[in-house]
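query-v1.cif (mmCIF, C-alpha atoms and all ligand atoms) appears below.
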```cif
data_upload
#
loop_
_atom_site.label_atom_id
_atom_site.label_comp_id
_atom_site.auth_asym_id
_atom_site.auth_seq_id
_atom_site.Cartn_x
_atom_site.Cartn_y
_atom_site.Cartn_z
CA MET A 4 115.11 79.13 135.18
CA SER A 5 112.45 77.05 133.41
CA ARG A 6 112.83 76.43 129.70
CA PRO A 7 110.62 78.46 127.32
CA THR A 8 107.70 76.54 125.86
CA LEU A 9 107.37 76.41 122.07
CA LEU A 10 104.55 75.16 119.88
CA ILE A 11 105.48 74.14 116.34
CA THR A 12 102.38 73.98 114.16
CA ARG A 13 103.69 71.51 111.52
CA ARG A 14 106.20 68.66 111.48
CA LEU A 15 109.75 69.91 110.77
CA PRO A 16 112.98 68.11 109.74
CA ALA A 17 114.41 65.93 112.55
CA SER A 18 117.65 67.90 112.92
CA VAL A 19 115.69 71.11 113.48
CA LEU A 20 113.52 69.51 116.17
CA GLU A 21 116.59 68.03 117.84
CA ARG A 22 118.24 71.45 118.07
CA LEU A 23 115.08 73.11 119.39
CA ARG A 24 114.44 70.37 121.98
CA ALA A 25 117.87 71.04 123.49
CA ARG A 26 116.77 74.53 124.57
CA TYR A 27 112.95 74.62 124.61
CA GLU A 28 110.00 72.59 125.87
CA VAL A 29 108.84 71.71 122.37
CA THR A 30 105.36 70.58 121.39
CA VAL A 31 104.78 69.61 117.74
CA ASN A 32 101.27 69.43 116.32
CA PRO A 33 101.00 65.63 116.08
CA ASP A 34 98.61 65.63 113.09
CA ASP A 35 100.82 67.70 110.76
CA ARG A 36 97.62 69.35 109.51
CA PRO A 37 96.82 73.08 109.77
CA LEU A 38 95.63 73.98 113.28
CA GLY A 39 92.14 75.48 113.47
CA ARG A 40 91.49 78.94 114.91
CA GLU A 41 90.53 77.52 118.31
CA ALA A 42 93.76 75.55 118.55
CA LEU A 43 95.80 78.57 117.46
CA LEU A 44 94.16 80.73 120.12
CA MET A 45 94.83 78.03 122.73
CA ALA A 46 98.45 77.94 121.59
CA LEU A 47 98.80 81.73 121.87
CA ARG A 48 97.39 81.52 125.40
CA THR A 49 99.58 78.60 126.45
CA TYR A 50 103.06 78.79 124.92
CA ASP A 51 105.88 81.35 125.23
CA ALA A 52 106.68 81.01 121.53
CA LEU A 53 104.80 79.92 118.43
CA SER A 54 106.37 78.69 115.19
CA PRO A 55 103.73 78.82 112.48
CA THR A 56 103.87 78.30 108.72
CA ILE A 57 101.98 79.72 105.77
CA THR A 58 99.06 77.40 106.61
CA ASP A 59 98.31 79.27 109.88
CA LYS A 60 96.32 82.48 109.50
CA LEU A 61 97.23 84.75 112.41
CA ASP A 62 94.91 87.71 111.84
CA ALA A 63 93.93 90.63 114.07
CA ALA A 64 90.89 88.78 115.41
CA LEU A 65 93.23 86.14 116.83
CA LEU A 66 96.17 88.29 117.86
CA LEU A 67 94.11 90.93 119.64
CA ASN A 68 92.52 88.45 122.04
CA SER A 69 93.11 88.97 125.72
CA GLY A 70 95.26 86.72 127.87
CA LEU A 71 97.91 85.81 125.28
CA LYS A 72 101.04 84.24 126.73
CA THR A 73 103.07 84.07 123.50
CA ARG A 74 105.77 86.72 123.14
CA ILE A 75 107.33 85.70 119.83
CA ILE A 76 105.94 84.31 116.58
CA ALA A 77 108.93 82.76 114.81
CA ASN A 78 107.57 82.06 111.35
CA PHE A 79 108.92 79.07 109.44
CA GLY A 80 109.06 80.74 106.03
CA ALA A 81 110.09 83.92 104.26
CA GLY A 82 106.63 85.27 103.39
CA TYR A 83 104.57 86.48 106.35
CA GLU A 84 101.40 87.97 104.88
CA HIS A 85 99.45 85.34 106.84
CA ILE A 86 100.43 87.21 110.01
CA ASP A 87 98.88 90.63 110.75
CA LEU A 88 102.01 92.57 111.72
CA GLU A 89 100.13 95.62 112.95
CA ALA A 90 98.02 93.49 115.29
CA ALA A 91 101.16 91.66 116.41
CA ARG A 92 102.83 94.99 117.26
CA SER A 93 99.86 96.18 119.27
CA ALA A 94 99.82 92.85 121.12
CA ASN A 95 103.54 93.34 121.91
CA LEU A 96 104.48 90.28 119.91
CA VAL A 97 107.80 89.98 118.14
CA VAL A 98 107.55 88.39 114.65
CA THR A 99 110.47 86.89 112.70
CA ASN A 100 110.86 85.12 109.34
CA THR A 101 113.43 83.04 107.44
CA PRO A 102 114.38 85.07 104.36
CA ASP A 103 117.78 83.65 103.34
CA ALA A 104 117.32 79.94 103.71
CA LEU A 105 115.11 79.22 100.70
CA THR A 106 116.64 81.48 98.06
CA ASP A 107 118.50 78.77 96.11
CA ALA A 108 115.68 76.24 96.26
CA THR A 109 113.04 78.71 95.08
CA ALA A 110 115.29 80.13 92.35
CA GLU A 111 115.86 76.56 91.11
CA LEU A 112 112.14 75.93 91.04
CA THR A 113 111.66 79.10 88.98
CA LEU A 114 114.02 77.69 86.35
CA LEU A 115 112.24 74.34 86.50
CA LEU A 116 108.93 76.05 85.68
CA ILE A 117 110.49 78.15 82.90
CA LEU A 118 111.81 74.99 81.25
CA MET A 119 108.72 72.87 81.90
CA THR A 120 106.42 75.46 80.36
CA SER A 121 108.60 76.44 77.40
CA ARG A 122 109.30 72.79 76.48
CA ARG A 123 105.79 71.53 77.28
CA ALA A 124 107.15 68.95 79.72
CA GLY A 125 103.88 68.56 81.64
CA GLU A 126 101.94 67.83 78.46
CA GLY A 127 104.57 65.34 77.34
CA GLU A 128 104.60 63.57 80.69
CA ARG A 129 100.81 63.30 80.73
CA LEU A 130 100.86 61.86 77.22
CA VAL A 131 103.34 59.14 78.15
CA ARG A 132 101.62 58.28 81.43
CA ALA A 133 98.25 58.02 79.70
CA GLY A 134 99.72 55.42 77.31
CA LYS A 135 98.82 57.72 74.41
CA TRP A 136 102.25 58.43 72.98
CA SER A 137 102.31 57.14 69.41
CA GLY A 138 106.07 57.59 68.95
CA TRP A 139 108.48 60.31 67.84
CA ALA A 140 107.31 62.76 65.17
CA PRO A 141 109.04 65.82 63.71
CA THR A 142 106.29 68.27 64.64
CA GLN A 143 105.14 66.71 67.90
CA LEU A 144 104.89 68.90 71.05
CA LEU A 145 107.09 71.65 69.70
CA GLY A 146 108.08 74.14 72.35
CA THR A 147 110.11 77.33 72.33
CA ASP A 148 113.80 77.92 73.08
CA VAL A 149 114.51 80.34 75.90
CA LYS A 150 118.08 81.25 74.88
CA GLY A 151 118.17 84.91 73.89
CA LYS A 152 114.65 85.53 75.25
CA THR A 153 113.85 88.11 77.92
CA LEU A 154 113.02 87.07 81.47
CA GLY A 155 111.02 89.87 83.09
CA LEU A 156 111.07 89.73 86.87
CA ILE A 157 108.44 91.49 88.96
CA GLY A 158 110.08 92.15 92.32
CA PHE A 159 113.87 92.08 92.58
CA GLY A 160 114.69 90.61 95.98
CA ARG A 161 116.97 87.70 96.84
CA ILE A 162 115.05 85.00 94.95
CA ALA A 163 114.51 87.12 91.84
CA LYS A 164 118.21 88.01 91.65
CA GLU A 165 119.27 84.39 92.10
CA ALA A 166 116.77 83.21 89.48
CA ALA A 167 118.05 85.96 87.15
CA ARG A 168 121.67 84.92 87.67
CA ARG A 169 120.88 81.30 86.86
CA ALA A 170 118.59 82.08 83.92
CA ARG A 171 121.32 84.27 82.43
CA LEU A 172 124.23 81.91 83.01
CA ALA A 173 122.54 78.57 82.49
CA LEU A 174 119.87 79.42 79.94
CA GLY A 175 121.33 82.45 78.16
CA MET A 176 118.31 84.66 78.88
CA HIS A 177 118.29 88.47 78.98
CA ILE A 178 117.17 89.97 82.28
CA ALA A 179 114.69 92.78 82.82
CA TYR A 180 112.90 93.75 86.02
CA HIS A 181 110.38 96.04 87.63
CA SER A 182 110.30 96.54 91.41
CA ARG A 183 109.42 99.05 94.13
CA SER A 184 113.03 100.01 94.64
CA ARG A 185 115.66 100.05 91.94
CA ALA A 186 118.76 97.87 92.40
CA SER A 187 122.21 99.47 92.55
CA ALA A 188 124.10 100.14 89.33
CA GLU A 189 126.60 97.39 90.33
CA GLU A 190 123.84 94.82 90.79
CA GLU A 191 122.20 95.77 87.53
CA SER A 192 125.45 95.51 85.63
CA ALA A 193 126.42 92.17 87.28
CA LEU A 194 123.20 90.67 85.91
CA SER A 195 123.00 92.89 82.81
CA ALA A 196 119.54 93.64 84.18
CA GLU A 197 117.44 96.27 82.49
CA HIS A 198 115.22 98.23 84.86
CA HIS A 199 111.67 99.11 83.81
CA ALA A 200 110.01 101.96 85.64
CA THR A 201 106.51 100.67 84.91
CA LEU A 202 104.88 97.26 85.02
CA ASP A 203 103.34 97.78 81.58
CA SER A 204 106.70 98.45 80.00
CA LEU A 205 108.18 95.27 81.54
CA LEU A 206 105.20 93.16 80.45
CA ALA A 207 105.48 94.44 76.88
CA VAL A 208 109.11 93.29 76.43
CA SER A 209 109.11 90.02 78.41
CA ASP A 210 108.98 86.55 76.87
CA VAL A 211 108.78 85.03 80.34
CA VAL A 212 107.25 87.04 83.22
CA SER A 213 108.20 85.72 86.66
CA LEU A 214 106.63 86.96 89.91
CA HIS A 215 108.86 87.54 92.94
CA CYS A 216 107.05 90.21 94.93
CA PRO A 217 105.41 89.64 98.33
CA GLY A 218 101.73 88.79 98.71
CA GLY A 219 99.31 91.07 100.55
CA ALA A 220 97.07 94.02 99.72
CA ALA A 221 99.64 95.98 97.69
CA THR A 222 100.11 93.23 95.09
CA HIS A 223 96.65 91.61 95.17
CA HIS A 224 95.60 90.72 91.57
CA MET A 225 98.48 92.71 90.09
CA ILE A 226 98.23 90.20 87.26
CA ASN A 227 94.65 90.52 86.01
CA ALA A 228 92.75 90.72 82.71
CA GLN A 229 94.24 94.16 81.94
CA THR A 230 97.85 93.31 82.75
CA LEU A 231 97.61 89.90 81.05
CA ALA A 232 96.50 91.78 77.93
CA ARG A 233 99.78 93.74 78.02
CA MET A 234 101.83 90.53 77.70
CA LYS A 235 103.00 89.14 74.37
CA PRO A 236 100.72 86.39 72.96
CA SER A 237 103.82 84.14 73.01
CA ALA A 238 104.65 84.96 76.65
CA ILE A 239 104.79 82.62 79.64
CA LEU A 240 103.81 83.58 83.21
CA ILE A 241 105.64 81.98 86.15
CA ASN A 242 104.44 82.33 89.76
CA THR A 243 106.55 80.98 92.61
CA ALA A 244 105.67 83.92 94.90
CA ARG A 245 102.07 84.11 96.15
CA GLY A 246 98.77 83.05 94.60
CA SER A 247 97.05 86.28 95.59
CA ILE A 248 99.16 88.25 93.08
CA VAL A 249 97.32 86.62 90.16
CA ASP A 250 93.60 86.80 89.37
CA GLU A 251 93.33 83.08 88.72
CA GLU A 252 90.05 83.29 86.83
CA ALA A 253 91.45 85.92 84.46
CA LEU A 254 94.58 83.80 83.98
CA ALA A 255 92.55 80.68 83.14
CA THR A 256 90.61 82.70 80.54
CA ALA A 257 93.80 84.17 79.03
CA LEU A 258 95.36 80.69 78.80
CA ALA A 259 92.22 79.08 77.34
CA GLN A 260 91.93 81.83 74.71
CA ARG A 261 95.69 81.76 74.04
CA GLN A 262 96.06 85.45 74.91
CA ILE A 263 99.31 84.23 76.48
CA ALA A 264 101.08 80.97 75.62
CA ALA A 265 101.48 79.21 78.96
CA ALA A 266 101.85 79.50 82.72
CA GLY A 267 103.85 77.70 85.38
CA LEU A 268 102.33 77.97 88.85
CA ASP A 269 103.58 76.83 92.24
CA VAL A 270 101.18 78.91 94.34
CA TYR A 271 97.44 79.56 94.23
CA GLU A 272 94.79 81.97 95.44
CA ARG A 273 92.98 79.43 97.63
CA GLU A 274 95.55 76.74 98.47
CA PRO A 275 95.13 73.80 98.43
CA VAL A 276 92.18 74.39 96.08
CA VAL A 277 93.18 74.74 92.44
CA SER A 278 90.34 75.73 90.13
CA LEU A 279 88.99 73.21 87.63
CA ALA A 280 89.37 75.87 84.93
CA LEU A 281 93.15 75.71 85.42
CA ARG A 282 93.36 71.98 85.97
CA GLU A 283 91.64 71.31 82.65
CA LEU A 284 94.14 73.31 80.60
CA GLU A 285 97.12 71.70 78.86
CA ASN A 286 99.19 74.90 78.67
CA VAL A 287 99.70 75.32 82.40
CA VAL A 288 102.12 73.49 84.72
CA LEU A 289 100.68 73.11 88.22
CA LEU A 290 102.97 72.31 91.16
CA PRO A 291 101.88 71.95 94.81
CA HIS A 292 103.82 74.85 96.45
CA LEU A 293 107.21 73.15 96.17
CA GLY A 294 109.36 76.33 96.11
CA SER A 295 111.41 75.54 99.20
CA ALA A 296 110.74 71.81 99.27
CA THR A 297 114.28 70.43 99.54
CA LEU A 298 115.61 68.88 102.72
CA ALA A 299 118.50 71.37 102.72
CA ALA A 300 116.21 74.40 102.39
CA ARG A 301 113.65 73.23 104.93
CA THR A 302 116.47 72.41 107.36
CA ALA A 303 118.09 75.81 106.81
CA MET A 304 114.70 77.50 107.33
CA GLY A 305 114.31 75.65 110.64
CA MET A 306 117.83 76.63 111.72
CA GLN A 307 117.24 80.28 110.83
CA MET A 308 113.99 80.14 112.81
CA ALA A 309 115.88 78.62 115.76
CA ASP A 310 118.50 81.42 115.54
CA ASN A 311 115.69 83.96 115.82
CA LEU A 312 114.21 82.19 118.86
CA ASP A 313 117.62 81.85 120.51
CA SER A 314 118.34 85.58 120.08
CA PHE A 315 114.95 86.53 121.46
CA PHE A 316 115.21 84.31 124.53
CA SER A 317 118.78 85.54 125.16
CA GLY A 318 117.45 89.10 125.31
CA ARG A 319 118.81 90.18 121.90
CA THR A 320 116.98 91.45 118.82
CA PRO A 321 116.38 88.49 116.52
CA PRO A 322 118.28 88.85 113.22
CA ASN A 323 115.16 88.47 111.08
CA ARG A 324 112.69 90.54 113.05
CA VAL A 325 109.83 91.87 110.90
CA ALA A 326 107.65 93.20 113.76
C1 LIG A 401 107.38 77.90 102.50
C2 LIG A 401 107.20 80.03 101.14
O1 LIG A 401 107.47 76.54 102.33
O2 LIG A 401 108.73 80.73 102.83
C3 LIG A 401 107.85 81.02 102.05
O3 LIG A 401 107.46 82.22 101.97
O4 LIG A 401 106.46 80.37 100.31
C4 LIG A 401 107.41 78.55 101.16
O5 LIG A 401 108.53 78.22 100.41
C5 LIG A 401 106.17 78.20 103.34
O6 LIG A 401 105.74 79.51 103.22
C6 LIG A 401 106.50 77.93 104.78
O7 LIG A 401 105.67 78.60 105.67
#
```

Output the structure of this file as structure tokens.
Ligand code: 8YV
Amino acid sequence: MSRPTLLITRRLPASVLERLRARYEVTVNPDDRPLGREALLMALRTYDALSPTITDKLDAALLLNSGLKTRIIANFGAGYEHIDLEAARSANLVVTNTPDALTDATAELTLLLILMTSRRAGEGERLVRAGKWSGWAPTQLLGTDVKGKTLGLIGFGRIAKEAARRARLALGMHIAYHSRSRASAEEESALSAEHHATLDSLLAVSDVVSLHCPGGAATHHMINAQTLARMKPSAILINTARGSIVDEEALATALAQRQIAAAGLDVYEREPVVSLALRELENVVLLPHLGSATLAARTAMGMQMADNLDSFFSGRTPPNRVA
């Protein structure tokens, strides 16, 4: 039997490619730049399997084309709002993701942003790099301690729980959360996590608000002028989830007018574009979507993706099937 053909849209760690090449006829996009719509359509018409990333928009207009050869879209990543699942289902396409592999890396990055924003690390680094640091002073760049403060998590999935565990153990923070479904009593007590039935109630008590819900229509601009106004003036907003959850213009205004103290962002509404309004502010830390950017996490994501492909092509249901 001939080997299944697989198109990988971006360059992946060598060990992942080596594993995949042992079982599939693998083609890797040589440019390591997002494929255009034409190239994606060609890929869907040519290959048995497609492994996209967040930078490939697979909407209904693409997936409902005639003559598609692809039978499985094995996404390299946990979030999959860039893939229209309903269209995929009607096109008889199986879709999988990689939900476990990046939990630790993204939880670590959440803590990095909490510390960078509360201790004004970005501002300090810019000062030193610009050659403008005049030397130590007792009231220079004073930040806030996070010990004893409340971390309010929006969404309470794997990454949120891991970030909560670390923030509690390593930083001494109190944990509160609001999510679609309430965690079990055991999970809540293990993290001493206080559940809030409404978003407003969580925002009112949180010193740091951290987003961990999926992107997509249901959470679009959940953080906007109204919800930002519910936060404490001393509060910090962290987003390692999806840019679409935050109305970026409203956030820039709230930060500029000090309606909230600071923000730490890893994701943006129009990646890779980051608005000038945000880039000009001192009280925001801006990272280039680094959540899962460790070799271990990216390798584990690739291996989880390969497990899904292997199950599918062995006639089994892939472990991380989402459509
Ligand atoms: C990934 C992510 O790097 O997996 C996710 O959902 O946000 C990132 O950490 C990217 O999405 C890979 O496609």

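Taking only C-alpha atoms and all ligand atoms into account, every polymer residue with at least one atom at most 8 Å away from ligand LIG 401 (chain A) is listed here: Pro55, Thr56, Ile57, Thr58, Asn78, Phe79, Gly80, Ala81, Gly82, Tyr83, Thr101, Pro102, Leu105, Thr109, Thr243, Ala244, Arg245, His292, Leu293, Gly294, Ser295, Ala296 and Arg301 of chain A.
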
For C-alpha atoms, I'd like the residues from the last selection saved as a short mmCIF file (atom, residue, chain, number, x, y, z; two decimals), in the coordinates of the input.
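Output file result28.cif is given in full below:
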```
data_model
loop_
_atom_site.label_atom_id
_atom_site.label_comp_id
_atom_site.auth_asym_id
_atom_site.auth_seq_id
_atom_site.Cartn_x
_atom_site.Cartn_y
_atom_site.Cartn_z
CA PRO A 55 103.73 78.82 112.48
CA THR A 56 103.87 78.30 108.72
CA ILE A 57 101.98 79.72 105.77
CA THR A 58 99.06 77.40 106.61
CA ASN A 78 107.57 82.06 111.35
CA PHE A 79 108.92 79.07 109.44
CA GLY A 80 109.06 80.74 106.03
CA ALA A 81 110.09 83.92 104.26
CA GLY A 82 106.63 85.27 103.39
CA TYR A 83 104.57 86.48 106.35
CA THR A 101 113.43 83.04 107.44
CA PRO A 102 114.38 85.07 104.36
CA LEU A 105 115.11 79.22 100.70
CA THR A 109 113.04 78.71 95.08
CA THR A 243 106.55 80.98 92.61
CA ALA A 244 105.67 83.92 94.90
CA ARG A 245 102.07 84.11 96.15
CA HIS A 292 103.82 74.85 96.45
CA LEU A 293 107.21 73.15 96.17
CA GLY A 294 109.36 76.33 96.11
CA SER A 295 111.41 75.54 99.20
CA ALA A 296 110.74 71.81 99.27
CA ARG A 301 113.65 73.23 104.93
#
```

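Distance cut-off 9 Å, centre (115.4, 96.0, 87.4), atoms counted only C-alpha atoms; the residues meeting this are Gly155, Leu156, Ile157, Gly158, Phe159, Ile178, Ala179, Tyr180, His181, Ser182, Ser184, Arg185, Ala186, Glu191, Ala196, Glu197, His198, His199 and Ala200 of chain A.
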
With distances taken over all atoms listed in the file, which residue among A:Leu9, A:Ala91, A:Leu116, A:Leu67 lies nearest Ala46 (chain A)? A:Leu9

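If you measure from each of A:Gln229, A:Gln260, A:Ser314, A:Thr297 to Thr106 (chain A) using all atoms listed in the file, the closest one turns out to be A:Thr297.
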
Please write as an mmCIF file with C-alpha atoms, keeping the file's coordinate frame the list of polymer residues whose atoms come within 10 Å of (116.3, 75.2, 110.4), counting only C-alpha atoms and keeping to the coordinates of the file.
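Saved the output as out-v3.cif:
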```cif
data_model
loop_
_atom_site.group_PDB
_atom_site.id
_atom_site.type_symbol
_atom_site.label_atom_id
_atom_site.label_comp_id
_atom_site.auth_asym_id
_atom_site.auth_seq_id
_atom_site.Cartn_x
_atom_site.Cartn_y
_atom_site.Cartn_z
ATOM 1 C CA LEU A 15 109.750 69.910 110.770
ATOM 2 C CA PRO A 16 112.980 68.110 109.740
ATOM 3 C CA ALA A 17 114.410 65.930 112.550
ATOM 4 C CA SER A 18 117.650 67.900 112.920
ATOM 5 C CA VAL A 19 115.690 71.110 113.480
ATOM 6 C CA LEU A 20 113.520 69.510 116.170
ATOM 7 C CA ARG A 22 118.240 71.450 118.070
ATOM 8 C CA LEU A 23 115.080 73.110 119.390
ATOM 9 C CA PHE A 79 108.920 79.070 109.440
ATOM 10 C CA THR A 101 113.430 83.040 107.440
ATOM 11 C CA ALA A 104 117.320 79.940 103.710
ATOM 12 C CA LEU A 298 115.610 68.880 102.720
ATOM 13 C CA ALA A 299 118.500 71.370 102.720
ATOM 14 C CA ALA A 300 116.210 74.400 102.390
ATOM 15 C CA ARG A 301 113.650 73.230 104.930
ATOM 16 C CA THR A 302 116.470 72.410 107.360
ATOM 17 C CA ALA A 303 118.090 75.810 106.810
ATOM 18 C CA MET A 304 114.700 77.500 107.330
ATOM 19 C CA GLY A 305 114.310 75.650 110.640
ATOM 20 C CA MET A 306 117.830 76.630 111.720
ATOM 21 C CA GLN A 307 117.240 80.280 110.830
ATOM 22 C CA MET A 308 113.990 80.140 112.810
ATOM 23 C CA ALA A 309 115.880 78.620 115.760
ATOM 24 C CA ASP A 310 118.500 81.420 115.540
#
```

Proximity check region 80-175 of chain A to region 277-287 of chain A, 8 Å, nearest pairs one decimal Å, all atoms listed in the file, as a tab-separated table:
```
residue	atom	partner	partner_atom	distance
A:Thr120	CA	A:Val287	CA	7.0
A:Arg123	CA	A:Asn286	CA	7.5
A:Gly125	CA	A:Glu285	CA	8.0
A:Glu126	CA	A:Glu285	CA	6.2
```

Please indicate the distance in Å from CA of Glu111 (chain A) to CA of Ile162 (chain A), rounded to one decimal place.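 Atom-to-atom, CA of Glu111 (chain A) to CA of Ile162 (chain A), that is 9.3 Å.
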
Considering only C-alpha atoms, state which residue in the set A:Lys164, A:Arg48, A:Arg273, A:His223 is at the smallest distance from Arg74 (chain A).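 Closest candidate: A:Arg48.
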
Counting all atoms listed in the file, what is within 9 Å of region 36-39 of chain A, bar same-chain residues fewer than 5 positions away, as a PyMOL selection string? chain A and resi 12-14+44+56+58-59

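CA of Ile226 (chain A) to CA of Asn242 (chain A) spans 10.3 Å [interatomic distance, one decimal].
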
Name the closest residue to Leu154 (chain A) among the candidates A:Asp210, A:Asp203, A:Glu189, A:Glu21; distances are taken between atoms, counting all atoms listed in the file.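 Once distances to Leu154 (chain A) are computed over all atoms listed in the file, the minimum belongs to A:Asp210.
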
CA of Leu114 (chain A) to CA of Ala167 (chain A), straight-line distance in Å: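 CA of Leu114 (chain A) lies at a distance of 9.2 Å from CA of Ala167 (chain A).
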
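The neighbours of Ile239 (chain A) here are the residues that come within 8 Å of it, using all atoms listed in the file and leaving out any residue fewer than 6 positions away in the same chain; they are A:Ile117, A:Thr120, A:Ser121, A:Asp210, A:Val211, A:Val212, A:Ile263, A:Ala264, A:Ala265, A:Ala266, A:Gly267.
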
Which centre and edge lengths in Å to one decimal define the box along x, y and z that fits every listed atom of region 79-94 of chain A plus 4 Å per side, as AutoDock Vina command-line options?
```
--center_x 104.1 --center_y 87.6 --center_z 112.3 --size_x 20.1 --size_y 25.1 --size_z 25.7
```

Residues near region 92-98 of chain A, cut-off 10 Å, all atoms listed in the file, skip fewer than 4 positions along chain, as number ranges by chain: A: 52-54, 63, 66-69, 71-78, 83, 86-88, 311, 315, 320-321, 323-326

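Ranking A:Leu144, A:Val276, A:Ala173, A:Leu115 by their shortest atom-to-atom distance to Arg129 (chain A), with all atoms listed in the file included, puts A:Leu144 first.
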
Pick the closest to Asn32 (chain A) from A:Arg261, A:Gly138, A:Thr49, A:Leu10: which is it, counting all atoms listed in the file?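 Of the candidates, the smallest distance to Asn32 (chain A) is held by A:Leu10.
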
Would you list the contacts of Ala207 (chain A) as a PyMOL selection string, taking every protein, DNA or RNA residue within 7 Å and counting only C-alpha atoms, but skipping same-chain residues closer than 5 positions in sequence? chain A and resi 233-235

Could the residues in this selection be written to a file with C-alpha atoms, as a CSV table (one decimal), keeping the file's coordinate frame?
```csv
chain,number,residue,atom,x,y,z
A,233,ARG,CA,99.8,93.7,78.0
A,234,MET,CA,101.8,90.5,77.7
A,235,LYS,CA,103.0,89.1,74.4
```
